[in-house]
$ cat work-v5.txt   # compact mmCIF, C-alpha atoms and all ligand atoms
# COMPACT_ATOMS: atom_id res chain seq x y z
CA LEU A 1 -21.68 -16.25 -5.25
CA PRO A 2 -20.06 -12.91 -6.05
CA THR A 3 -19.66 -12.16 -9.76
CA GLU A 4 -15.90 -12.67 -9.52
CA PHE A 5 -16.53 -16.27 -8.47
CA GLN A 6 -19.25 -16.76 -11.09
CA GLN A 7 -16.78 -15.71 -13.77
CA ALA A 8 -14.12 -18.09 -12.49
CA LYS A 9 -16.54 -20.99 -12.05
CA PRO A 10 -15.85 -22.53 -15.50
CA ILE A 11 -12.25 -23.07 -14.41
CA ILE A 12 -13.27 -25.06 -11.36
CA ASP A 13 -15.86 -26.94 -13.44
CA THR A 14 -13.23 -27.90 -16.03
CA ILE A 15 -10.78 -29.14 -13.38
CA GLU A 16 -13.49 -31.12 -11.60
CA ALA A 17 -14.75 -32.64 -14.86
CA ALA A 18 -11.24 -34.04 -15.33
CA GLY A 19 -11.54 -35.81 -11.96
CA TYR A 20 -9.58 -33.42 -9.72
CA GLU A 21 -10.70 -31.18 -6.86
CA ALA A 22 -10.70 -27.40 -7.08
CA TYR A 23 -11.85 -24.71 -4.62
CA PHE A 24 -11.84 -21.01 -4.07
CA VAL A 25 -9.48 -20.31 -1.17
CA GLY A 26 -7.80 -17.55 0.82
CA GLY A 27 -8.74 -13.91 1.17
CA SER A 28 -11.44 -14.01 -1.50
CA VAL A 29 -13.43 -16.62 0.47
CA ARG A 30 -12.92 -14.71 3.71
CA ASP A 31 -14.03 -11.43 2.17
CA THR A 32 -17.03 -13.00 0.43
CA ILE A 33 -18.31 -14.41 3.70
CA LEU A 34 -17.71 -11.06 5.40
CA GLY A 35 -19.61 -9.32 2.62
CA LYS A 36 -16.57 -7.28 1.61
CA PRO A 37 -15.42 -6.61 -1.94
CA ILE A 38 -12.83 -9.11 -3.14
CA HIS A 39 -9.69 -8.27 -5.10
CA ASP A 40 -7.95 -11.45 -6.18
CA VAL A 41 -9.64 -14.79 -6.75
CA ASP A 42 -7.38 -17.66 -5.67
CA ILE A 43 -8.12 -21.22 -6.71
CA ALA A 44 -6.49 -24.28 -5.12
CA THR A 45 -6.55 -27.66 -6.77
CA SER A 46 -5.46 -31.26 -6.34
CA ALA A 47 -4.28 -31.28 -9.96
CA PHE A 48 -0.52 -30.94 -10.36
CA PRO A 49 0.75 -27.99 -12.42
CA ALA A 50 1.35 -30.08 -15.55
CA GLU A 51 -2.14 -31.52 -15.20
CA VAL A 52 -3.66 -28.06 -14.89
CA LYS A 53 -1.81 -26.90 -17.98
CA GLY A 54 -3.12 -29.89 -19.91
CA LEU A 55 -6.71 -28.84 -19.24
CA PHE A 56 -6.58 -25.29 -20.63
CA LYS A 57 -5.56 -23.68 -23.89
CA ARG A 58 -3.81 -20.59 -22.56
CA THR A 59 -1.77 -20.72 -19.37
CA VAL A 60 1.24 -18.84 -18.02
CA ASP A 61 3.72 -20.25 -15.51
CA THR A 62 3.52 -17.37 -13.04
CA GLY A 63 4.98 -19.34 -10.13
CA ILE A 64 5.31 -22.86 -11.36
CA GLU A 65 7.87 -23.90 -8.74
CA HIS A 66 5.27 -23.14 -6.02
CA GLY A 67 2.55 -24.76 -8.11
CA THR A 68 0.95 -21.58 -9.43
CA VAL A 69 -0.33 -21.43 -12.99
CA MET A 70 -2.26 -18.51 -14.46
CA ILE A 71 -5.19 -19.59 -16.62
CA LEU A 72 -6.22 -17.15 -19.34
CA ASP A 73 -9.00 -19.14 -21.03
CA HIS A 74 -11.83 -17.31 -19.26
CA GLY A 75 -11.64 -13.55 -19.45
CA GLN A 76 -9.05 -12.13 -17.08
CA GLY A 77 -6.36 -14.42 -15.72
CA TYR A 78 -6.99 -16.64 -12.72
CA GLU A 79 -4.21 -18.06 -10.57
CA THR A 80 -4.53 -21.70 -9.72
CA THR A 81 -2.21 -23.26 -7.18
CA THR A 82 -1.72 -26.94 -6.55
CA PHE A 83 -2.38 -28.12 -2.97
CA ARG A 84 0.98 -28.08 -1.24
CA THR A 85 2.75 -28.46 2.04
CA GLU A 86 5.77 -26.44 3.04
CA SER A 87 8.74 -27.40 5.12
CA GLY A 88 12.13 -26.12 6.19
CA TYR A 89 11.75 -22.44 7.05
CA GLN A 90 15.30 -22.24 8.35
CA ASP A 91 15.38 -18.51 7.69
CA PHE A 92 12.09 -17.66 9.44
CA ARG A 93 10.61 -16.47 6.19
CA ARG A 94 10.40 -18.98 3.38
CA PRO A 95 9.99 -22.72 3.17
CA ASP A 96 13.07 -24.59 1.97
CA GLN A 97 10.82 -27.06 0.29
CA VAL A 98 7.36 -27.13 -1.25
CA THR A 99 5.68 -30.48 -1.83
CA PHE A 100 2.60 -30.91 -3.99
CA VAL A 101 -0.10 -33.01 -2.36
CA ARG A 102 -3.60 -34.23 -3.24
CA SER A 103 -5.24 -33.32 0.07
CA LEU A 104 -7.14 -30.07 0.62
CA LYS A 105 -6.70 -30.39 4.35
CA GLU A 106 -2.90 -30.44 4.07
CA ASP A 107 -3.05 -27.30 1.97
CA LEU A 108 -5.36 -25.44 4.34
CA LYS A 109 -3.18 -26.41 7.31
CA ARG A 110 -0.21 -24.38 6.03
CA ARG A 111 -2.29 -21.18 5.87
CA ASP A 112 -1.80 -18.48 8.47
CA PHE A 113 -5.11 -17.78 10.24
CA THR A 114 -8.29 -19.82 10.56
CA ILE A 115 -10.32 -17.19 8.68
CA ASN A 116 -7.83 -17.51 5.80
CA ALA A 117 -8.03 -21.32 5.82
CA LEU A 118 -11.57 -21.63 4.46
CA ALA A 119 -12.32 -23.16 1.08
CA MET A 120 -15.43 -22.77 -1.06
CA ARG A 121 -16.79 -25.10 -3.71
CA ALA A 122 -18.05 -23.73 -6.99
CA ASN A 123 -21.60 -24.19 -5.68
CA GLY A 124 -20.90 -21.89 -2.72
CA GLU A 125 -20.55 -24.62 -0.10
CA VAL A 126 -17.96 -23.66 2.52
CA ILE A 127 -15.37 -26.12 3.78
CA ASP A 128 -14.28 -25.17 7.26
CA LEU A 129 -11.75 -27.59 8.72
CA PHE A 130 -10.25 -25.24 11.34
CA ASP A 131 -13.34 -23.50 12.73
CA GLY A 132 -12.67 -20.39 10.72
CA LEU A 133 -16.39 -19.57 10.52
CA GLN A 134 -16.69 -19.52 14.28
CA ASP A 135 -13.66 -17.22 14.55
CA MET A 136 -15.08 -15.04 11.84
CA ASP A 137 -18.35 -14.68 13.75
CA ALA A 138 -16.46 -13.86 16.92
CA GLY A 139 -14.13 -11.45 15.11
CA VAL A 140 -11.03 -13.36 16.09
CA LEU A 141 -7.67 -13.90 14.40
CA ARG A 142 -6.29 -17.25 15.42
CA ALA A 143 -3.25 -18.98 14.00
CA VAL A 144 -3.90 -22.34 12.36
CA GLY A 145 -2.23 -24.90 14.64
CA VAL A 146 0.46 -23.90 17.15
CA ALA A 147 0.92 -20.13 16.86
CA GLU A 148 4.52 -20.18 18.06
CA ASP A 149 5.51 -22.65 15.34
CA ARG A 150 3.65 -20.75 12.68
CA PHE A 151 5.50 -17.50 13.42
CA HIS A 152 8.80 -19.33 13.48
CA GLU A 153 8.07 -20.66 10.03
CA ASP A 154 7.28 -17.24 8.66
CA ALA A 155 7.68 -14.12 10.78
CA LEU A 156 5.74 -12.00 8.30
CA ARG A 157 2.58 -13.65 9.63
CA MET A 158 2.94 -11.50 12.77
CA MET A 159 2.63 -8.35 10.66
CA ARG A 160 -0.26 -9.92 8.78
CA ALA A 161 -2.05 -10.50 12.09
CA VAL A 162 -1.91 -6.84 13.12
CA ARG A 163 -2.77 -5.79 9.58
CA PHE A 164 -5.90 -7.96 9.54
CA ALA A 165 -6.83 -6.65 13.01
CA SER A 166 -6.95 -3.19 11.45
CA GLN A 167 -8.60 -4.13 8.16
CA LEU A 168 -11.28 -6.34 9.68
CA GLY A 169 -11.58 -4.82 13.15
CA PHE A 170 -10.77 -8.24 14.62
CA THR A 171 -9.11 -9.15 17.91
CA ILE A 172 -6.01 -11.32 18.00
CA GLU A 173 -6.76 -14.42 20.05
CA SER A 174 -4.68 -14.51 23.24
CA GLU A 175 -2.35 -17.45 22.48
CA THR A 176 -1.70 -16.05 19.03
CA ALA A 177 -1.02 -12.60 20.52
CA GLN A 178 1.29 -14.10 23.13
CA ALA A 179 3.25 -15.90 20.41
CA ILE A 180 3.68 -12.59 18.57
CA THR A 181 4.94 -10.95 21.76
CA ASP A 182 7.40 -13.79 22.32
CA ASN A 183 8.69 -13.81 18.74
CA ALA A 184 8.43 -10.16 17.72
CA ALA A 185 12.19 -9.85 17.18
CA LEU A 186 11.99 -12.36 14.33
CA LEU A 187 10.41 -9.62 12.25
CA THR A 188 13.93 -8.37 11.51
CA LYS A 189 14.44 -11.50 9.38
CA ILE A 190 11.78 -10.33 6.94
CA ALA A 191 12.54 -8.21 3.88
CA VAL A 192 11.61 -4.60 4.61
CA GLU A 193 9.49 -4.38 1.46
CA ARG A 194 7.20 -7.13 2.71
CA THR A 195 6.89 -5.61 6.18
CA ARG A 196 6.18 -2.27 4.54
CA VAL A 197 3.23 -3.59 2.56
CA GLU A 198 1.61 -4.91 5.75
CA TRP A 199 2.38 -1.68 7.62
CA GLU A 200 0.75 0.40 4.90
CA LYS A 201 -2.30 -1.89 4.87
CA LEU A 202 -2.54 -1.64 8.65
CA LEU A 203 -2.50 2.16 8.59
CA MET A 204 -4.99 2.30 5.72
CA GLY A 205 -7.35 -0.22 7.33
CA HIS A 206 -10.84 0.49 8.62
CA ASP A 207 -9.80 0.33 12.25
CA PRO A 208 -6.15 1.38 12.33
CA VAL A 209 -6.23 2.07 16.06
CA ARG A 210 -7.08 -1.55 16.73
CA GLY A 211 -4.13 -2.70 14.61
CA LEU A 212 -1.84 -0.20 16.37
CA GLN A 213 -3.00 -1.37 19.78
CA SER A 214 -1.89 -4.89 18.91
CA LEU A 215 1.33 -3.60 17.43
CA VAL A 216 2.13 -1.78 20.67
CA ALA A 217 0.84 -4.48 23.02
CA THR A 218 2.99 -7.15 21.33
CA GLU A 219 5.93 -4.72 20.91
CA LEU A 220 6.17 -5.72 17.28
CA TYR A 221 6.72 -2.06 16.39
CA ARG A 222 10.15 -2.19 18.03
CA TYR A 223 11.42 -4.34 15.18
CA MET A 224 10.22 -2.13 12.35
CA PRO A 225 12.65 0.35 10.72
CA HIS A 226 12.98 3.63 12.69
CA MET A 227 10.16 2.61 15.01
CA ALA A 228 11.92 1.28 18.10
CA ASP A 229 11.69 4.63 19.90
CA GLN A 230 8.30 5.65 18.54
CA LYS A 231 5.97 4.33 21.22
CA ALA A 232 4.89 7.84 22.25
CA MET A 233 4.22 8.76 18.63
CA LEU A 234 2.08 5.64 18.19
CA GLN A 235 0.12 6.51 21.31
CA THR A 236 -0.41 10.02 20.02
CA ILE A 237 -1.88 8.87 16.72
CA MET A 238 -3.99 6.27 18.53
CA ALA A 239 -5.53 9.10 20.56
CA LEU A 240 -6.45 11.27 17.55
CA PRO A 241 -10.16 11.54 16.69
CA ALA A 242 -11.19 8.64 14.43
CA TRP A 243 -9.06 8.72 11.31
CA GLN A 244 -8.80 7.01 7.97
CA LEU A 245 -5.95 7.25 5.49
CA PRO A 246 -6.97 7.12 1.83
CA THR A 247 -3.63 6.58 0.05
CA ILE A 248 -0.11 5.28 0.56
CA ASN A 249 1.19 8.82 0.01
CA SER A 250 -1.02 10.20 2.77
CA THR A 251 -0.07 7.31 5.02
CA TRP A 252 3.63 8.12 4.90
CA THR A 253 3.02 11.85 5.10
CA PHE A 254 0.89 11.24 8.20
CA LEU A 255 3.65 9.19 9.80
CA VAL A 256 6.40 11.64 8.92
CA TRP A 257 4.32 14.42 10.44
CA ALA A 258 3.50 12.39 13.54
CA MET A 259 7.20 11.59 13.97
CA ASP A 260 7.92 15.33 13.97
CA LEU A 261 10.90 15.01 11.66
CA GLN A 262 12.93 18.18 11.38
CA ASP A 263 14.02 18.34 7.77
CA SER A 264 13.74 16.70 4.40
CA THR A 265 17.02 14.81 4.88
CA ASP A 266 15.46 12.94 7.80
CA ILE A 267 12.39 12.17 5.71
CA ARG A 268 14.55 10.86 2.93
CA SER A 269 16.60 8.58 5.13
CA LEU A 270 13.49 7.22 6.87
CA LEU A 271 11.79 6.43 3.58
CA LYS A 272 14.97 5.04 2.02
CA ASP A 273 15.27 2.62 4.91
CA TRP A 274 11.67 1.58 4.35
CA LYS A 275 12.60 1.10 0.67
CA THR A 276 9.83 3.22 -0.74
CA SER A 277 10.03 4.59 -4.29
CA ASN A 278 11.72 7.88 -5.11
CA GLU A 279 8.37 9.09 -6.37
CA LEU A 280 6.87 8.55 -2.94
CA ILE A 281 9.80 10.31 -1.27
CA ASP A 282 9.33 13.36 -3.51
CA HIS A 283 5.59 13.43 -2.92
CA VAL A 284 5.89 13.10 0.86
CA THR A 285 8.63 15.74 1.00
CA ALA A 286 6.50 18.22 -0.97
CA ALA A 287 3.45 17.48 1.17
CA TRP A 288 5.51 17.82 4.36
CA LYS A 289 6.73 21.29 3.31
CA ALA A 290 3.16 22.35 2.61
CA LEU A 291 2.11 20.97 5.98
CA ASN A 292 4.68 23.12 7.74
CA ALA A 293 3.38 26.22 5.99
CA LEU A 294 -0.22 25.30 6.72
CA LYS A 295 0.56 24.69 10.35
CA GLN A 296 2.39 28.01 10.72
CA ARG A 297 0.08 30.29 8.75
CA GLY A 298 -3.15 28.39 8.16
CA GLN A 299 -2.86 28.95 4.44
CA LEU A 300 -0.41 28.77 1.57
CA THR A 301 1.02 31.45 -0.70
CA ALA A 302 0.50 31.26 -4.44
CA SER A 303 4.10 30.07 -4.86
CA GLU A 304 3.66 27.37 -2.24
CA LEU A 305 0.48 26.16 -3.89
CA PHE A 306 2.13 26.10 -7.29
CA ASP A 307 5.36 24.47 -6.13
CA THR A 308 3.56 21.76 -4.17
CA GLY A 309 1.17 20.82 -6.97
CA LEU A 310 -2.36 19.54 -6.49
CA PRO A 311 -1.61 15.87 -5.66
CA ALA A 312 0.76 16.69 -2.79
CA LEU A 313 -1.47 19.57 -1.66
CA THR A 314 -4.37 17.17 -1.36
CA THR A 315 -2.21 14.78 0.64
CA ALA A 316 -1.00 17.61 2.89
CA ASN A 317 -4.51 18.86 3.50
CA THR A 318 -5.81 15.37 4.25
CA VAL A 319 -3.11 14.93 6.88
CA ALA A 320 -3.54 18.47 8.23
CA ASN A 321 -7.22 17.71 8.76
CA LEU A 322 -6.39 14.57 10.72
CA PHE A 323 -4.24 16.73 13.01
CA GLY A 324 -6.87 19.45 13.23
CA PHE A 325 -5.38 22.27 11.15
CA GLY A 326 -6.52 21.59 7.60
CA GLN A 327 -8.91 23.43 5.32
CA ALA A 328 -11.97 22.26 3.46
CA GLN A 329 -10.53 20.40 0.46
CA ALA A 330 -12.88 22.37 -1.83
CA ASP A 331 -11.27 25.62 -0.61
CA MET A 332 -7.81 24.32 -1.34
CA ASP A 333 -8.91 23.09 -4.78
CA ALA A 334 -10.39 26.53 -5.45
CA ALA A 335 -7.21 28.34 -4.35
CA TYR A 336 -5.18 26.14 -6.64
CA ALA A 337 -7.58 26.58 -9.55
CA ALA A 338 -7.38 30.35 -9.04
CA LEU A 339 -3.61 30.41 -9.67
CA PRO A 340 -2.80 32.28 -12.89
CA ILE A 341 -1.22 29.05 -14.18
CA GLN A 342 -1.06 25.52 -12.78
CA ASP A 343 1.80 24.18 -14.83
CA LYS A 344 5.15 25.60 -15.86
CA HIS A 345 4.49 24.51 -19.44
CA ALA A 346 1.58 26.95 -19.48
CA LEU A 347 3.99 29.90 -19.35
CA ALA A 348 3.28 32.02 -22.47
CA VAL A 349 6.96 32.13 -23.46
CA ASN A 350 9.58 29.41 -23.49
CA GLY A 351 13.34 29.27 -23.84
CA GLY A 352 13.11 29.08 -27.63
CA ASP A 353 11.09 32.30 -27.75
CA LEU A 354 13.65 34.14 -25.63
CA ILE A 355 16.47 32.99 -27.89
CA LYS A 356 14.58 34.02 -31.05
CA GLN A 357 14.03 37.47 -29.55
CA GLN A 358 17.78 37.54 -28.82
CA ILE A 359 17.13 38.18 -25.14
CA VAL A 360 19.31 35.30 -23.97
CA THR A 361 21.61 32.67 -25.34
CA PRO A 362 21.18 29.02 -24.31
CA GLY A 363 22.69 28.29 -20.89
CA PRO A 364 22.07 28.48 -17.17
CA GLN A 365 20.98 32.09 -17.33
CA MET A 366 18.06 31.13 -19.49
CA GLY A 367 16.75 28.72 -16.86
CA GLN A 368 17.06 31.39 -14.18
CA ILE A 369 15.15 33.93 -16.24
CA LEU A 370 12.37 31.47 -17.04
CA GLN A 371 12.09 30.66 -13.34
CA GLN A 372 11.75 34.35 -12.51
CA LEU A 373 9.10 34.79 -15.18
CA LEU A 374 7.24 31.82 -13.78
CA THR A 375 7.32 33.19 -10.24
CA ALA A 376 6.17 36.58 -11.47
CA VAL A 377 3.20 35.00 -13.26
CA VAL A 378 2.26 32.68 -10.39
CA THR A 379 2.32 35.54 -7.87
CA GLY A 380 0.32 37.80 -10.16
CA GLN A 381 3.05 40.40 -10.75
CA VAL A 382 2.82 40.04 -14.49
CA LYS A 383 0.21 38.73 -16.90
CA ASN A 384 0.89 35.46 -18.64
CA GLU A 385 1.08 37.14 -22.03
CA VAL A 386 3.88 37.27 -24.57
CA PRO A 387 4.51 41.06 -24.70
CA ALA A 388 4.55 41.50 -20.92
CA LEU A 389 6.79 38.47 -20.40
CA THR A 390 9.17 39.42 -23.20
CA GLU A 391 9.54 42.86 -21.71
CA LEU A 392 10.18 41.48 -18.23
CA ALA A 393 12.67 38.94 -19.59
CA ARG A 394 14.56 41.71 -21.35
CA MET A 395 14.71 43.77 -18.14
CA ILE A 396 16.00 40.84 -16.13
CA ALA A 397 18.61 40.00 -18.77
CA ASP A 398 19.78 43.62 -18.93
CA THR A 399 20.19 43.82 -15.16
CA LYS A 400 22.14 40.58 -15.16
CA ASN A 401 24.41 41.78 -17.92
CA ASP A 402 25.21 45.05 -16.14
P1 LIG B 501 -5.51 -9.73 0.86
O1 LIG B 501 -6.94 -9.42 1.04
O2 LIG B 501 -4.63 -8.64 1.32
O3 LIG B 501 -5.14 -10.25 -0.49
P2 LIG B 501 -5.08 -12.45 1.65
O4 LIG B 501 -5.40 -13.17 2.90
O5 LIG B 501 -5.80 -12.87 0.42
O6 LIG B 501 -5.28 -10.92 1.94
P3 LIG B 501 -2.74 -13.07 0.15
O7 LIG B 501 -1.35 -12.63 0.36
O8 LIG B 501 -3.45 -12.73 -1.09
O9 LIG B 501 -3.55 -12.53 1.41
O10 LIG B 501 -2.74 -14.64 0.37
C1 LIG B 501 -3.79 -15.49 0.00
C2 LIG B 501 -3.92 -16.62 1.02
O11 LIG B 501 -2.69 -17.35 1.12
C3 LIG B 501 -4.20 -16.16 2.46
O12 LIG B 501 -5.59 -15.94 2.69
C4 LIG B 501 -3.66 -17.33 3.26
O13 LIG B 501 -4.55 -18.42 3.23
C5 LIG B 501 -2.43 -17.69 2.46
N1 LIG B 501 -1.23 -16.94 2.91
C6 LIG B 501 -0.76 -15.80 2.41
N2 LIG B 501 0.35 -15.41 3.03
C7 LIG B 501 0.61 -16.35 3.94
C8 LIG B 501 1.64 -16.55 4.91
N3 LIG B 501 2.63 -15.67 5.04
N4 LIG B 501 1.58 -17.67 5.67
C9 LIG B 501 0.57 -18.57 5.53
N5 LIG B 501 -0.41 -18.43 4.66
C10 LIG B 501 -0.41 -17.35 3.87
MG MG B 502 -5.45 -12.07 -1.50

$ encode --input "work-v5.txt" --output "structure tokens"
Amino acid sequence: LPTEFQQAKPIIDTIEAAGYEAYFVGGSVRDTILGKPIHDVDIATSAFPAEVKGLFKRTVDTGIEHGTVMILDHGQGYETTTFRTESGYQDFRRPDQVTFVRSLKEDLKRRDFTINALAMRANGEVIDLFDGLQDMDAGVLRAVGVAEDRFHEDALRMMRAVRFASQLGFTIESETAQAITDNAALLTKIAVERTRVEWEKLLMGHDPVRGLQSLVATELYRYMPHMADQKAMLQTIMALPAWQLPTINSTWTFLVWAMDLQDSTDIRSLLKDWKTSNELIDHVTAAWKALNALKQRGQLTASELFDTGLPALTTANTVANLFGFGQAQADMDAAYAALPIQDKHALAVNGGDLIKQQIVTPGPQMGQILQQLLTAVVTGQVKNEVPALTELARMIADTKND
């Protein structure tokens, strides 16, 4: 058992000692069997939420209406969810009703793919009611039950299929793939934020080209924001030499570059429609500007390096390298480190100093002068020292006042 399971074992032991069943389930079981690192340990139990809460000292109702209780008695919190069935799904995304049940099989049946429908006892024994182990060996993603029905219940599962294809390097079994093709348009029923998470995971997966192949083959991409007319772009990125995207920022920068957007307004509206954060929009916009400069001139000026900042520069260079025009990251780091200053707060004088010296009065002019001083320092025209900067500030102020 991985250490994460060892640590959570007392929880299962406690629930079992009280006469209920409890198992590790979901992605953590799948990843353990695949020998991959696991992120979240999910426990499923026959005990009802009130019964679970009665067995532990410290619990939090993190999703009590779906049967999820967080148990804090053993180190970090562990989420425990009561076996349940789901029904309704009139909106193609969420069940109208959740019913708690005592049967593991019923709970595993509602899960999306056979490899995600495995359970593991605290002693490591695997319970495989839907031939998930066989599919895992064969590298196959297969819907549990009738694929068509499962995607009608929850259209997000189609995105999860292509995402897992990329993360695991698996093939989508043909009936499951056909059901995605037939129901792709249902993706528009899903909240963009949820689609986005799967899209980012697909692009950051180990085998993104495999995920993209499924996305194109099933035409699922046509129902993603701004993607309907992007088939050629997808084919272009699928043909690039093997690539891997390390961060969400680089993922969106990569896409924006591949889409050949013409200005930052287009970037903004794309990312707004994907409901990304403003922080991400700013980062991608800065990286995109640096990419344009890199593409045109192969290197960046001191001002461009400074204005972009190291995080977005790193993103830009990562993406430039995927498209064949980047630099060694160490060279870019060195160029940045060689700037006279890396941060505007490192300027040897500030607004207060200029006021004390009676060079300026508070107001917009002060900001302009500070900006000019900054540019002069960054580009090496003046040393970042008080006398030199004071003198330059005075000259600029005098010219402005003339
Ligand atoms: P990850 O490694 O990204 O966490 P995961 O498979 O664990 O992947 P989670 O969203 O953490 O994904 O879900 C945990 C488990 O819950 C899944 O393995 C699956 O059994 C079930 N599950 C999650 N989302 C769905 C869904 N949309 N439909 C059916 N079952 C789902
Ligand atoms: Mg998970």

$ residues_near_ligand --input "work-v5.txt" --ligand "ligand LIG 501 (chain B)" --cutoff "7 Å" --atoms "all atoms listed in the file" --output "PDB file with C-alpha atoms, keeping the file's coordinate frame"
ATOM      1  CA  VAL A  25      -9.480 -20.310  -1.170  1.00  0.00           C
ATOM      2  CA  GLY A  26      -7.800 -17.550   0.820  1.00  0.00           C
ATOM      3  CA  GLY A  27      -8.740 -13.910   1.170  1.00  0.00           C
ATOM      4  CA  SER A  28     -11.440 -14.010  -1.500  1.00  0.00           C
ATOM      5  CA  HIS A  39      -9.690  -8.270  -5.100  1.00  0.00           C
ATOM      6  CA  ASP A  40      -7.950 -11.450  -6.180  1.00  0.00           C
ATOM      7  CA  ARG A 110      -0.210 -24.380   6.030  1.00  0.00           C
ATOM      8  CA  ARG A 111      -2.290 -21.180   5.870  1.00  0.00           C
ATOM      9  CA  ASP A 112      -1.800 -18.480   8.470  1.00  0.00           C
ATOM     10  CA  ASN A 116      -7.830 -17.510   5.800  1.00  0.00           C
ATOM     11  CA  ALA A 117      -8.030 -21.320   5.820  1.00  0.00           C
ATOM     12  CA  ASP A 154       7.280 -17.240   8.660  1.00  0.00           C
ATOM     13  CA  LEU A 156       5.740 -12.000   8.300  1.00  0.00           C
ATOM     14  CA  ARG A 157       2.580 -13.650   9.630  1.00  0.00           C
TER      15      ARG A 157
END

$ residues_around --input "work-v5.txt" --residues "A:Pro2" --least-positions-apart "6" --cutoff "9 Å" --atoms "all atoms listed in the file" --output "list in words"
Thr32, Pro37 and Ile38 of chain A

$ closest_residue --input "work-v5.txt" --among "A:Thr81, A:Thr68, A:Lys57, A:Val29" --to "ligand MG 502 (chain B)" --atoms "only C-alpha atoms and all ligand atoms"
A:Val29

$ residues_around --input "work-v5.txt" --residues "A:Phe323" --least-positions-apart "3" --cutoff "12 Å" --atoms "only C-alpha atoms" --output "PyMOL selection string"
chain A and resi 236-244+253-255+257-258+291+294-295+316-320+326-327

$ residues_around --input "work-v5.txt" --residues "stretch 358-364 of chain A" --least-positions-apart "3" --cutoff "12 Å" --atoms "all atoms listed in the file" --output "VMD selection string"
chain A and resid 349 to 355 367 to 371 389 to 401

$ atom_distance --input "work-v5.txt" --atom1 "atom CA of A:Ile281" --atom2 "atom CA of A:Tyr336"
22.4 Å
